[in-house]
Structure formats: C-alpha cells, structure tokens
$ cat model-v7.txt   # compact mmCIF, N, CA and C atoms
# COMPACT_ATOMS: atom_id res chain seq x y z
N PHE U 1 20.76 8.65 17.22
CA PHE U 1 21.85 9.59 17.24
C PHE U 1 21.90 10.40 15.94
N TRP U 2 21.91 9.71 14.81
CA TRP U 2 22.01 10.42 13.53
C TRP U 2 20.79 11.30 13.28
N LEU U 3 19.62 10.81 13.67
CA LEU U 3 18.41 11.60 13.48
C LEU U 3 18.47 12.88 14.32
N LYS U 4 19.00 12.75 15.54
CA LYS U 4 19.16 13.93 16.39
C LYS U 4 20.16 14.91 15.77
N LEU U 5 21.23 14.38 15.25
CA LEU U 5 22.30 15.21 14.70
C LEU U 5 21.86 15.94 13.43
N PHE U 6 21.24 15.20 12.51
CA PHE U 6 20.89 15.77 11.21
C PHE U 6 19.41 16.12 11.06
N GLY U 7 18.60 15.65 11.95
CA GLY U 7 17.17 15.89 11.82
C GLY U 7 16.60 14.99 10.73
N SER U 8 15.41 15.28 10.34
CA SER U 8 14.74 14.49 9.31
C SER U 8 15.23 14.94 7.95
N ILE U 9 15.77 14.02 7.18
CA ILE U 9 16.25 14.34 5.83
C ILE U 9 15.24 13.81 4.83
N PRO U 10 14.60 14.71 4.08
CA PRO U 10 13.62 14.22 3.10
C PRO U 10 14.31 13.42 2.00
N TRP U 11 13.71 12.31 1.63
CA TRP U 11 14.26 11.47 0.58
C TRP U 11 13.12 11.06 -0.34
N LYS U 12 13.32 11.27 -1.59
CA LYS U 12 12.28 10.93 -2.55
C LYS U 12 12.74 9.72 -3.36
N GLN U 13 11.92 8.69 -3.36
CA GLN U 13 12.24 7.49 -4.15
C GLN U 13 12.13 7.84 -5.63
N PRO U 14 13.13 7.41 -6.44
CA PRO U 14 13.05 7.69 -7.88
C PRO U 14 11.85 6.98 -8.50
N ALA U 15 11.31 7.60 -9.53
CA ALA U 15 10.17 7.01 -10.25
C ALA U 15 10.59 5.71 -10.92
N LEU U 16 9.73 4.72 -10.86
CA LEU U 16 10.00 3.45 -11.52
C LEU U 16 9.49 3.53 -12.96
N THR U 17 10.39 3.79 -13.86
CA THR U 17 10.04 3.87 -15.27
C THR U 17 10.01 2.46 -15.85
N PRO U 18 9.32 2.26 -16.97
CA PRO U 18 9.32 0.93 -17.59
C PRO U 18 10.74 0.43 -17.87
N ARG U 19 11.65 1.32 -18.22
CA ARG U 19 13.03 0.92 -18.50
C ARG U 19 13.72 0.39 -17.24
N LEU U 20 13.51 1.07 -16.08
CA LEU U 20 14.10 0.60 -14.83
C LEU U 20 13.50 -0.73 -14.40
N ILE U 21 12.20 -0.88 -14.56
CA ILE U 21 11.53 -2.14 -14.21
C ILE U 21 12.08 -3.27 -15.06
N GLN U 22 12.24 -3.04 -16.37
CA GLN U 22 12.78 -4.05 -17.28
C GLN U 22 14.21 -4.42 -16.88
N ALA U 23 15.03 -3.40 -16.60
CA ALA U 23 16.43 -3.65 -16.23
C ALA U 23 16.52 -4.48 -14.96
N ALA U 24 15.61 -4.27 -14.02
CA ALA U 24 15.63 -5.01 -12.77
C ALA U 24 15.30 -6.49 -12.97
N LYS U 25 14.56 -6.83 -14.01
CA LYS U 25 14.17 -8.21 -14.27
C LYS U 25 15.26 -8.98 -15.02
N MET U 26 16.16 -8.28 -15.68
CA MET U 26 17.19 -8.93 -16.49
C MET U 26 18.22 -9.60 -15.57
N GLN U 27 18.68 -10.78 -15.98
CA GLN U 27 19.66 -11.52 -15.22
C GLN U 27 20.95 -11.62 -16.02
N ALA U 28 22.06 -11.53 -15.34
CA ALA U 28 23.37 -11.60 -15.99
C ALA U 28 23.79 -13.05 -16.21
N ILE U 29 24.62 -13.24 -17.21
CA ILE U 29 25.23 -14.55 -17.46
C ILE U 29 26.70 -14.39 -17.09
N PRO U 30 27.17 -15.08 -16.07
CA PRO U 30 28.55 -14.90 -15.62
C PRO U 30 29.56 -15.01 -16.77
N GLY U 31 30.44 -14.01 -16.84
CA GLY U 31 31.49 -14.00 -17.86
C GLY U 31 31.04 -13.48 -19.22
N HIS U 32 29.78 -13.03 -19.32
CA HIS U 32 29.25 -12.55 -20.60
C HIS U 32 28.47 -11.26 -20.40
N LYS U 33 28.27 -10.53 -21.50
CA LYS U 33 27.51 -9.28 -21.45
C LYS U 33 26.03 -9.50 -21.77
N THR U 34 25.71 -10.62 -22.36
CA THR U 34 24.32 -10.95 -22.68
C THR U 34 23.53 -11.08 -21.38
N THR U 35 22.30 -10.59 -21.39
CA THR U 35 21.41 -10.72 -20.24
C THR U 35 20.12 -11.41 -20.69
N TYR U 36 19.38 -11.92 -19.71
CA TYR U 36 18.12 -12.58 -20.05
C TYR U 36 17.06 -12.31 -19.00
N GLU U 37 15.82 -12.50 -19.43
CA GLU U 37 14.67 -12.41 -18.54
C GLU U 37 13.78 -13.61 -18.82
N ILE U 38 13.36 -14.30 -17.79
CA ILE U 38 12.43 -15.42 -17.95
C ILE U 38 11.03 -14.82 -18.02
N LEU U 39 10.38 -14.98 -19.17
CA LEU U 39 9.04 -14.45 -19.39
C LEU U 39 7.98 -15.40 -18.89
N LYS U 40 8.26 -16.70 -19.03
CA LYS U 40 7.32 -17.75 -18.58
C LYS U 40 8.18 -18.94 -18.18
N PRO U 41 8.06 -19.40 -16.94
CA PRO U 41 8.86 -20.54 -16.51
C PRO U 41 8.46 -21.83 -17.24
N GLY U 42 9.42 -22.70 -17.41
CA GLY U 42 9.16 -24.03 -17.95
C GLY U 42 9.24 -25.05 -16.85
N SER U 43 9.09 -26.32 -17.21
CA SER U 43 9.15 -27.35 -16.18
C SER U 43 9.81 -28.62 -16.68
N GLY U 44 10.27 -28.59 -17.90
CA GLY U 44 10.87 -29.79 -18.47
C GLY U 44 12.38 -29.81 -18.30
N LYS U 45 13.02 -30.63 -19.11
CA LYS U 45 14.48 -30.78 -19.10
C LYS U 45 15.15 -29.45 -19.44
N ALA U 46 16.27 -29.18 -18.79
CA ALA U 46 17.04 -27.96 -19.04
C ALA U 46 18.07 -28.18 -20.13
N ILE U 47 18.36 -27.12 -20.88
CA ILE U 47 19.38 -27.17 -21.93
C ILE U 47 20.76 -27.16 -21.28
N SER U 48 21.58 -28.15 -21.63
CA SER U 48 22.96 -28.24 -21.15
C SER U 48 23.90 -28.27 -22.35
N LYS U 49 25.16 -27.99 -22.10
CA LYS U 49 26.19 -28.01 -23.14
C LYS U 49 26.17 -29.35 -23.87
N GLY U 50 26.11 -29.29 -25.19
CA GLY U 50 26.12 -30.49 -26.02
C GLY U 50 24.74 -31.01 -26.39
N ASP U 51 23.69 -30.56 -25.69
CA ASP U 51 22.33 -30.99 -26.01
C ASP U 51 21.90 -30.41 -27.36
N THR U 52 20.96 -31.09 -28.00
CA THR U 52 20.30 -30.51 -29.18
C THR U 52 19.00 -29.89 -28.68
N ALA U 53 18.92 -28.57 -28.84
CA ALA U 53 17.75 -27.82 -28.39
C ALA U 53 16.93 -27.39 -29.60
N THR U 54 15.62 -27.43 -29.45
CA THR U 54 14.70 -26.95 -30.49
C THR U 54 13.88 -25.83 -29.87
N VAL U 55 13.90 -24.68 -30.55
CA VAL U 55 13.23 -23.50 -30.02
C VAL U 55 12.43 -22.78 -31.09
N HIS U 56 11.44 -22.03 -30.65
CA HIS U 56 10.84 -20.99 -31.47
C HIS U 56 11.62 -19.74 -31.12
N ALA U 57 11.91 -18.89 -32.10
CA ALA U 57 12.69 -17.69 -31.85
C ALA U 57 12.20 -16.54 -32.71
N THR U 58 12.21 -15.36 -32.13
CA THR U 58 11.95 -14.13 -32.87
C THR U 58 13.07 -13.16 -32.52
N GLY U 59 13.75 -12.65 -33.55
CA GLY U 59 14.86 -11.72 -33.35
C GLY U 59 14.52 -10.33 -33.83
N VAL U 60 14.89 -9.34 -33.01
CA VAL U 60 14.62 -7.93 -33.31
C VAL U 60 15.91 -7.13 -33.07
N VAL U 61 16.18 -6.15 -33.94
CA VAL U 61 17.29 -5.22 -33.71
C VAL U 61 16.80 -4.21 -32.68
N LYS U 62 17.45 -4.17 -31.52
CA LYS U 62 16.98 -3.32 -30.41
C LYS U 62 16.93 -1.85 -30.81
N GLU U 63 17.93 -1.38 -31.51
CA GLU U 63 18.01 0.04 -31.83
C GLU U 63 16.89 0.53 -32.76
N THR U 64 16.39 -0.36 -33.61
CA THR U 64 15.37 0.05 -34.59
C THR U 64 14.00 -0.58 -34.34
N GLY U 65 13.97 -1.65 -33.53
CA GLY U 65 12.73 -2.37 -33.31
C GLY U 65 12.33 -3.25 -34.49
N LYS U 66 13.23 -3.39 -35.48
CA LYS U 66 12.92 -4.15 -36.68
C LYS U 66 13.16 -5.66 -36.48
N LYS U 67 12.11 -6.44 -36.75
CA LYS U 67 12.23 -7.90 -36.69
C LYS U 67 13.04 -8.36 -37.89
N PHE U 68 14.02 -9.23 -37.65
CA PHE U 68 14.81 -9.75 -38.76
C PHE U 68 14.60 -11.24 -39.00
N TRP U 69 13.95 -11.92 -38.03
CA TRP U 69 13.74 -13.36 -38.20
C TRP U 69 12.74 -13.86 -37.18
N SER U 70 11.89 -14.78 -37.58
CA SER U 70 11.01 -15.45 -36.64
C SER U 70 10.66 -16.83 -37.16
N THR U 71 10.80 -17.81 -36.30
CA THR U 71 10.42 -19.18 -36.67
C THR U 71 8.91 -19.33 -36.71
N LYS U 72 8.20 -18.34 -36.24
CA LYS U 72 6.74 -18.39 -36.24
C LYS U 72 6.13 -17.76 -37.48
N ASP U 73 6.96 -17.16 -38.33
CA ASP U 73 6.47 -16.58 -39.58
C ASP U 73 6.03 -17.68 -40.54
N PRO U 74 5.11 -17.38 -41.44
CA PRO U 74 4.67 -18.37 -42.43
C PRO U 74 5.87 -18.95 -43.20
N GLY U 75 5.87 -20.26 -43.34
CA GLY U 75 6.93 -20.94 -44.07
C GLY U 75 8.15 -21.26 -43.23
N GLN U 76 8.19 -20.79 -41.98
CA GLN U 76 9.32 -21.06 -41.08
C GLN U 76 8.97 -22.22 -40.16
N SER U 77 9.99 -22.78 -39.52
CA SER U 77 9.76 -23.87 -38.58
C SER U 77 10.69 -23.69 -37.39
N PRO U 78 10.45 -24.40 -36.28
CA PRO U 78 11.33 -24.28 -35.12
C PRO U 78 12.80 -24.54 -35.51
N PHE U 79 13.69 -23.92 -34.76
CA PHE U 79 15.13 -23.98 -35.01
C PHE U 79 15.78 -24.94 -34.03
N SER U 80 16.60 -25.85 -34.55
CA SER U 80 17.35 -26.79 -33.70
C SER U 80 18.84 -26.52 -33.83
N TYR U 81 19.56 -26.63 -32.73
CA TYR U 81 21.00 -26.39 -32.73
C TYR U 81 21.64 -27.15 -31.57
N GLN U 82 22.94 -27.33 -31.66
CA GLN U 82 23.68 -27.97 -30.57
C GLN U 82 24.12 -26.87 -29.60
N ALA U 83 23.71 -26.98 -28.36
CA ALA U 83 23.89 -25.91 -27.37
C ALA U 83 25.28 -25.89 -26.75
N GLY U 84 25.75 -24.66 -26.50
CA GLY U 84 26.96 -24.46 -25.71
C GLY U 84 28.27 -24.82 -26.36
N VAL U 85 28.27 -25.04 -27.66
CA VAL U 85 29.51 -25.47 -28.33
C VAL U 85 29.93 -24.54 -29.46
N GLY U 86 29.37 -23.33 -29.52
CA GLY U 86 29.81 -22.34 -30.49
C GLY U 86 29.24 -22.46 -31.89
N LYS U 87 28.13 -23.15 -32.05
CA LYS U 87 27.55 -23.30 -33.39
C LYS U 87 26.59 -22.17 -33.74
N VAL U 88 26.27 -21.31 -32.75
CA VAL U 88 25.43 -20.12 -32.96
C VAL U 88 26.17 -18.95 -32.30
N ILE U 89 25.65 -17.73 -32.45
CA ILE U 89 26.31 -16.58 -31.84
C ILE U 89 26.44 -16.77 -30.33
N THR U 90 27.49 -16.20 -29.77
CA THR U 90 27.83 -16.40 -28.35
C THR U 90 26.69 -16.07 -27.40
N GLY U 91 26.04 -14.94 -27.61
CA GLY U 91 24.97 -14.53 -26.70
C GLY U 91 23.84 -15.53 -26.66
N TRP U 92 23.48 -16.07 -27.81
CA TRP U 92 22.42 -17.09 -27.89
C TRP U 92 22.93 -18.37 -27.24
N ASP U 93 24.14 -18.79 -27.61
CA ASP U 93 24.72 -20.03 -27.13
C ASP U 93 24.74 -20.09 -25.61
N GLN U 94 25.20 -19.01 -24.98
CA GLN U 94 25.29 -18.96 -23.52
C GLN U 94 23.95 -18.59 -22.87
N GLY U 95 23.18 -17.77 -23.55
CA GLY U 95 21.91 -17.29 -23.00
C GLY U 95 20.83 -18.33 -22.91
N CYS U 96 20.94 -19.39 -23.67
CA CYS U 96 19.91 -20.45 -23.64
C CYS U 96 20.26 -21.58 -22.68
N LEU U 97 21.51 -21.66 -22.24
CA LEU U 97 21.88 -22.73 -21.31
C LEU U 97 21.05 -22.60 -20.04
N GLY U 98 20.51 -23.70 -19.57
CA GLY U 98 19.69 -23.71 -18.37
C GLY U 98 18.20 -23.49 -18.63
N MET U 99 17.87 -23.11 -19.85
CA MET U 99 16.47 -22.90 -20.22
C MET U 99 15.76 -24.25 -20.21
N THR U 100 14.53 -24.29 -19.69
CA THR U 100 13.81 -25.56 -19.59
C THR U 100 12.69 -25.64 -20.63
N VAL U 101 12.29 -26.88 -20.95
CA VAL U 101 11.21 -27.09 -21.91
C VAL U 101 9.96 -26.36 -21.41
N GLY U 102 9.36 -25.60 -22.31
CA GLY U 102 8.18 -24.81 -21.97
C GLY U 102 8.51 -23.38 -21.55
N GLU U 103 9.78 -23.12 -21.24
CA GLU U 103 10.18 -21.78 -20.81
C GLU U 103 10.21 -20.81 -21.99
N GLU U 104 9.82 -19.58 -21.71
CA GLU U 104 9.97 -18.48 -22.66
C GLU U 104 10.94 -17.50 -22.04
N ARG U 105 11.92 -17.07 -22.83
CA ARG U 105 13.00 -16.24 -22.33
C ARG U 105 13.32 -15.16 -23.34
N LYS U 106 13.66 -13.98 -22.82
CA LYS U 106 14.11 -12.89 -23.67
C LYS U 106 15.61 -12.70 -23.44
N LEU U 107 16.38 -12.69 -24.53
CA LEU U 107 17.81 -12.42 -24.47
C LEU U 107 18.08 -11.03 -25.03
N VAL U 108 18.97 -10.30 -24.40
CA VAL U 108 19.48 -9.04 -24.94
C VAL U 108 20.97 -9.27 -25.18
N ILE U 109 21.35 -9.26 -26.45
CA ILE U 109 22.70 -9.65 -26.86
C ILE U 109 23.43 -8.45 -27.45
N PRO U 110 24.50 -7.96 -26.79
CA PRO U 110 25.26 -6.85 -27.35
C PRO U 110 26.02 -7.31 -28.60
N ALA U 111 26.40 -6.35 -29.41
CA ALA U 111 27.03 -6.65 -30.71
C ALA U 111 28.22 -7.60 -30.60
N ASP U 112 29.07 -7.41 -29.58
CA ASP U 112 30.27 -8.24 -29.51
C ASP U 112 29.98 -9.69 -29.14
N GLU U 113 28.74 -10.01 -28.75
CA GLU U 113 28.35 -11.40 -28.52
C GLU U 113 27.27 -11.81 -29.53
N GLY U 114 27.08 -10.93 -30.52
CA GLY U 114 26.12 -11.19 -31.60
C GLY U 114 26.88 -11.23 -32.93
N TYR U 115 26.53 -10.28 -33.83
CA TYR U 115 27.17 -10.25 -35.15
C TYR U 115 28.26 -9.21 -35.27
N GLY U 116 28.61 -8.55 -34.17
CA GLY U 116 29.75 -7.66 -34.11
C GLY U 116 29.67 -6.41 -34.97
N GLY U 117 30.85 -5.89 -35.25
CA GLY U 117 30.98 -4.66 -36.02
C GLY U 117 30.57 -4.78 -37.46
N GLY U 118 30.49 -6.00 -37.97
CA GLY U 118 30.09 -6.20 -39.36
C GLY U 118 28.60 -6.36 -39.55
N GLY U 119 27.89 -6.67 -38.45
CA GLY U 119 26.46 -6.92 -38.57
C GLY U 119 26.20 -8.17 -39.40
N PHE U 120 24.99 -8.28 -39.90
CA PHE U 120 24.60 -9.37 -40.80
C PHE U 120 23.66 -8.76 -41.82
N PRO U 121 24.24 -8.05 -42.83
CA PRO U 121 23.43 -7.30 -43.80
C PRO U 121 22.34 -8.12 -44.49
N ALA U 122 22.60 -9.39 -44.75
CA ALA U 122 21.61 -10.22 -45.45
C ALA U 122 20.30 -10.31 -44.66
N TRP U 123 20.37 -10.15 -43.35
CA TRP U 123 19.18 -10.21 -42.50
C TRP U 123 18.74 -8.83 -42.03
N GLY U 124 19.42 -7.78 -42.50
CA GLY U 124 19.06 -6.43 -42.09
C GLY U 124 19.58 -6.06 -40.71
N ILE U 125 20.62 -6.76 -40.27
CA ILE U 125 21.22 -6.44 -38.97
C ILE U 125 22.40 -5.51 -39.22
N PRO U 126 22.31 -4.25 -38.76
CA PRO U 126 23.39 -3.30 -39.03
C PRO U 126 24.63 -3.56 -38.17
N PRO U 127 25.76 -3.01 -38.57
CA PRO U 127 26.98 -3.14 -37.76
C PRO U 127 26.76 -2.61 -36.34
N GLY U 128 27.27 -3.34 -35.37
CA GLY U 128 27.19 -2.91 -33.98
C GLY U 128 25.82 -3.04 -33.33
N ALA U 129 24.91 -3.77 -33.94
CA ALA U 129 23.53 -3.86 -33.42
C ALA U 129 23.43 -4.73 -32.16
N THR U 130 22.58 -4.28 -31.24
CA THR U 130 22.18 -5.09 -30.10
C THR U 130 20.96 -5.88 -30.54
N LEU U 131 20.96 -7.17 -30.23
CA LEU U 131 19.86 -8.05 -30.64
C LEU U 131 19.00 -8.42 -29.45
N GLU U 132 17.70 -8.52 -29.70
CA GLU U 132 16.77 -9.03 -28.70
C GLU U 132 16.08 -10.25 -29.30
N PHE U 133 16.20 -11.37 -28.62
CA PHE U 133 15.54 -12.60 -29.05
C PHE U 133 14.52 -13.00 -28.00
N THR U 134 13.32 -13.33 -28.45
CA THR U 134 12.33 -13.95 -27.60
C THR U 134 12.28 -15.42 -28.02
N LEU U 135 12.54 -16.29 -27.05
CA LEU U 135 12.68 -17.72 -27.34
C LEU U 135 11.69 -18.55 -26.53
N GLU U 136 11.27 -19.65 -27.11
CA GLU U 136 10.45 -20.63 -26.41
C GLU U 136 11.11 -21.98 -26.61
N CYS U 137 11.49 -22.63 -25.52
CA CYS U 137 12.14 -23.94 -25.61
C CYS U 137 11.08 -25.02 -25.82
N LEU U 138 11.20 -25.71 -26.94
CA LEU U 138 10.21 -26.74 -27.32
C LEU U 138 10.68 -28.16 -26.96
N GLN U 139 12.00 -28.40 -27.13
CA GLN U 139 12.50 -29.77 -26.92
C GLN U 139 13.99 -29.71 -26.61
N VAL U 140 14.44 -30.64 -25.75
CA VAL U 140 15.86 -30.80 -25.43
C VAL U 140 16.18 -32.27 -25.54
N GLN U 141 17.19 -32.60 -26.35
CA GLN U 141 17.61 -34.01 -26.51
C GLN U 141 19.08 -34.15 -26.22
$ encode --input "model-v7.txt" --output "structure tokens"
Amino acid sequence: FWLKLFGSIPWKQPALTPRLIQAAKMQAIPGHKTTYEILKPGSGKAISKGDTATVHATGVVKETGKKFWSTKDPGQSPFSYQAGVGKVITGWDQGCLGMTVGEERKLVIPADEGYGGGGFPAWGIPPGATLEFTLECLQVQ
C-alpha cells in the first residue's frame, strides 16, 4: 500500500565513520555517564563491589591525546584498589565492575565522573577533561 502511494523513496545509508563505529561499540553503565568497550574478553573472576582488583592502566586526556599515567611505563607497577567503594574516581570505580581477569577494557570518563572542573594539574589533567583509560584486569581477590 505505502509503496503504491509514495512510490520508491531513495534512501542512502549514512557513511560509517570511525567515530560512529567506536560509538556503537561503547556500552553504558546504568546511572552513570561513563561508557566502556571490551577490547579483549577475559575468562576469570569478575570484579565485584569490595573486591581488591589489580590492573594495568593507561590514562589519556581525550581532548589532547596526552598520556598522563601508565602502569606499563618504566618504574611503574600494576595498580591495586578496592572496587566499588569510592576509593578511586567514580568513572573508574563503576566502569571496572564486572570486568573479568584477562579482560581488556576501555573506559571513557566524563569530567564529572573523573577529576571534575578542577582537573588534576599535578598529572597534567586540565579542568573539565574527559579521560580515556585502557585497562587490563590482572587479578581479583
């Protein structure tokens, strides 16, 4: 019926840009603005609230592409923290829950779930910066 009424309507699919492809892979965290993408699945124990998680992490300021921290840099070591209890920035705290041993995950953390309007000048994080962390879960206890 509609085809008879309107005839053939040409429709062009929008181009899939790298940005659109990346956005489609990102997953939301309910109740938060932080998003994540699983880069490599894991198979071990998952991080739950209260667990001590040990991860490799590399942090970059999204707006500038500048790395501000990496546990893989010379002289650095994996980072351990208590998950889900507010001992790290909100985006990281919530973004790592459910991550399994061996998993690699990318978090995109907006300023209000990161270092906020003040940034973290000592690490070169400007006010209002969006953070991107690439994480590898090494151990969950």
$ residues_near_point --input "model-v7.txt" --point "(29.6, -28.0, -26.9)" --cutoff "7 Å" --atoms "only N, CA and C atoms" --output "PyMOL selection string"
chain U and resi 49-51+82-86
$ atom_distance --input "model-v7.txt" --atom1 "atom C of Glu132 (chain U)" --atom2 "atom N of Trp92 (chain U)"
9.5 Å
$ residues_near_point --input "model-v7.txt" --point "(20.1, -5.7, -38.0)" --cutoff "8 Å" --atoms "only N, CA and C atoms" --output "list in words"
Val60, Val61, Lys62, Thr64, Lys66, Lys67, Phe68, Gly119, Phe120, Pro121, Trp123, Gly124, Ile125, Pro126, Pro127, Gly128, Ala129, Thr130 and Leu131 of chain U
$ residues_around --input "model-v7.txt" --residues "Met99 (chain U)" --least-positions-apart "5" --cutoff "12 Å" --atoms "only C-alpha atoms" --output "number ranges by chain"
U: 36-49, 51, 53-55, 83-84, 92-94, 104-107, 135-140
$ atom_distance --input "model-v7.txt" --atom1 "atom N of Thr90 (chain U)" --atom2 "atom N of Glu113 (chain U)"
6.4 Å
$ axis_aligned_box --input "model-v7.txt" --around "region 61-66 of chain U" --padding-each-side "8 Å" --output "JSON"
{"center_x": 15.2, "center_y": -2.8, "center_z": -33.5, "size_x": 21.7, "size_y": 22.7, "size_z": 22.3}
$ atom_distance --input "model-v7.txt" --atom1 "atom C of Ser77 (chain U)" --atom2 "CA of His56 (chain U)"
6.5 Å
$ build_atoms --input "model-v7.txt" --residues "region 84-93 of chain U" --atoms "all heavy atoms" --output "PDB file, in the frame of the given file"
ATOM      1  N   GLY U  84      25.750 -24.660 -26.500  1.00  0.00           N
ATOM      2  CA  GLY U  84      26.960 -24.460 -25.710  1.00  0.00           C
ATOM      3  C   GLY U  84      28.270 -24.820 -26.360  1.00  0.00           C
ATOM      4  O   GLY U  84      29.283 -24.901 -25.664  1.00  0.00           O
ATOM      5  N   VAL U  85      28.270 -25.040 -27.660  1.00  0.00           N
ATOM      6  CA  VAL U  85      29.510 -25.470 -28.330  1.00  0.00           C
ATOM      7  C   VAL U  85      29.930 -24.540 -29.460  1.00  0.00           C
ATOM      8  O   VAL U  85      30.752 -24.912 -30.294  1.00  0.00           O
ATOM      9  CB  VAL U  85      29.409 -26.942 -28.826  1.00  0.00           C
ATOM     10  CG1 VAL U  85      29.255 -27.898 -27.651  1.00  0.00           C
ATOM     11  CG2 VAL U  85      28.277 -27.118 -29.809  1.00  0.00           C
ATOM     12  N   GLY U  86      29.370 -23.330 -29.520  1.00  0.00           N
ATOM     13  CA  GLY U  86      29.810 -22.340 -30.490  1.00  0.00           C
ATOM     14  C   GLY U  86      29.240 -22.460 -31.890  1.00  0.00           C
ATOM     15  O   GLY U  86      29.798 -21.885 -32.821  1.00  0.00           O
ATOM     16  N   LYS U  87      28.130 -23.150 -32.050  1.00  0.00           N
ATOM     17  CA  LYS U  87      27.550 -23.300 -33.390  1.00  0.00           C
ATOM     18  C   LYS U  87      26.590 -22.170 -33.740  1.00  0.00           C
ATOM     19  O   LYS U  87      26.103 -22.085 -34.861  1.00  0.00           O
ATOM     20  CB  LYS U  87      26.860 -24.648 -33.526  1.00  0.00           C
ATOM     21  CG  LYS U  87      27.840 -25.795 -33.329  1.00  0.00           C
ATOM     22  CD  LYS U  87      27.482 -26.994 -34.122  1.00  0.00           C
ATOM     23  CE  LYS U  87      28.591 -28.020 -33.947  1.00  0.00           C
ATOM     24  NZ  LYS U  87      28.368 -29.220 -34.675  1.00  0.00           N
ATOM     25  N   VAL U  88      26.270 -21.310 -32.750  1.00  0.00           N
ATOM     26  CA  VAL U  88      25.430 -20.120 -32.960  1.00  0.00           C
ATOM     27  C   VAL U  88      26.170 -18.950 -32.300  1.00  0.00           C
ATOM     28  O   VAL U  88      27.194 -19.140 -31.643  1.00  0.00           O
ATOM     29  CB  VAL U  88      24.017 -20.306 -32.357  1.00  0.00           C
ATOM     30  CG1 VAL U  88      23.232 -21.375 -33.104  1.00  0.00           C
ATOM     31  CG2 VAL U  88      24.082 -20.649 -30.870  1.00  0.00           C
ATOM     32  N   ILE U  89      25.650 -17.730 -32.450  1.00  0.00           N
ATOM     33  CA  ILE U  89      26.310 -16.580 -31.840  1.00  0.00           C
ATOM     34  C   ILE U  89      26.440 -16.770 -30.330  1.00  0.00           C
ATOM     35  O   ILE U  89      25.618 -17.414 -29.689  1.00  0.00           O
ATOM     36  CB  ILE U  89      25.586 -15.253 -32.187  1.00  0.00           C
ATOM     37  CG1 ILE U  89      24.129 -15.277 -31.735  1.00  0.00           C
ATOM     38  CG2 ILE U  89      25.728 -14.925 -33.666  1.00  0.00           C
ATOM     39  CD1 ILE U  89      23.391 -13.958 -31.918  1.00  0.00           C
ATOM     40  N   THR U  90      27.490 -16.200 -29.770  1.00  0.00           N
ATOM     41  CA  THR U  90      27.830 -16.400 -28.350  1.00  0.00           C
ATOM     42  C   THR U  90      26.690 -16.070 -27.400  1.00  0.00           C
ATOM     43  O   THR U  90      26.419 -16.826 -26.469  1.00  0.00           O
ATOM     44  CB  THR U  90      29.073 -15.564 -27.982  1.00  0.00           C
ATOM     45  OG1 THR U  90      30.151 -15.981 -28.815  1.00  0.00           O
ATOM     46  CG2 THR U  90      29.461 -15.737 -26.524  1.00  0.00           C
ATOM     47  N   GLY U  91      26.040 -14.940 -27.610  1.00  0.00           N
ATOM     48  CA  GLY U  91      24.970 -14.530 -26.700  1.00  0.00           C
ATOM     49  C   GLY U  91      23.840 -15.530 -26.660  1.00  0.00           C
ATOM     50  O   GLY U  91      23.289 -15.822 -25.589  1.00  0.00           O
ATOM     51  N   TRP U  92      23.480 -16.070 -27.810  1.00  0.00           N
ATOM     52  CA  TRP U  92      22.420 -17.090 -27.890  1.00  0.00           C
ATOM     53  C   TRP U  92      22.930 -18.370 -27.240  1.00  0.00           C
ATOM     54  O   TRP U  92      22.236 -18.987 -26.414  1.00  0.00           O
ATOM     55  CB  TRP U  92      22.057 -17.313 -29.346  1.00  0.00           C
ATOM     56  CG  TRP U  92      21.053 -18.394 -29.614  1.00  0.00           C
ATOM     57  CD1 TRP U  92      21.057 -19.677 -29.137  1.00  0.00           C
ATOM     58  CD2 TRP U  92      19.889 -18.291 -30.424  1.00  0.00           C
ATOM     59  NE1 TRP U  92      19.980 -20.376 -29.623  1.00  0.00           N
ATOM     60  CE2 TRP U  92      19.250 -19.547 -30.414  1.00  0.00           C
ATOM     61  CE3 TRP U  92      19.342 -17.262 -31.183  1.00  0.00           C
ATOM     62  CZ2 TRP U  92      18.086 -19.798 -31.130  1.00  0.00           C
ATOM     63  CZ3 TRP U  92      18.182 -17.522 -31.890  1.00  0.00           C
ATOM     64  CH2 TRP U  92      17.560 -18.769 -31.862  1.00  0.00           C
ATOM     65  N   ASP U  93      24.140 -18.790 -27.610  1.00  0.00           N
ATOM     66  CA  ASP U  93      24.720 -20.030 -27.130  1.00  0.00           C
ATOM     67  C   ASP U  93      24.740 -20.090 -25.610  1.00  0.00           C
ATOM     68  O   ASP U  93      24.347 -21.083 -24.999  1.00  0.00           O
ATOM     69  CB  ASP U  93      26.144 -20.164 -27.682  1.00  0.00           C
ATOM     70  CG  ASP U  93      26.591 -21.594 -27.886  1.00  0.00           C
ATOM     71  OD1 ASP U  93      25.732 -22.497 -28.000  1.00  0.00           O
ATOM     72  OD2 ASP U  93      27.806 -21.822 -27.950  1.00  0.00           O
TER      73      ASP U  93
END
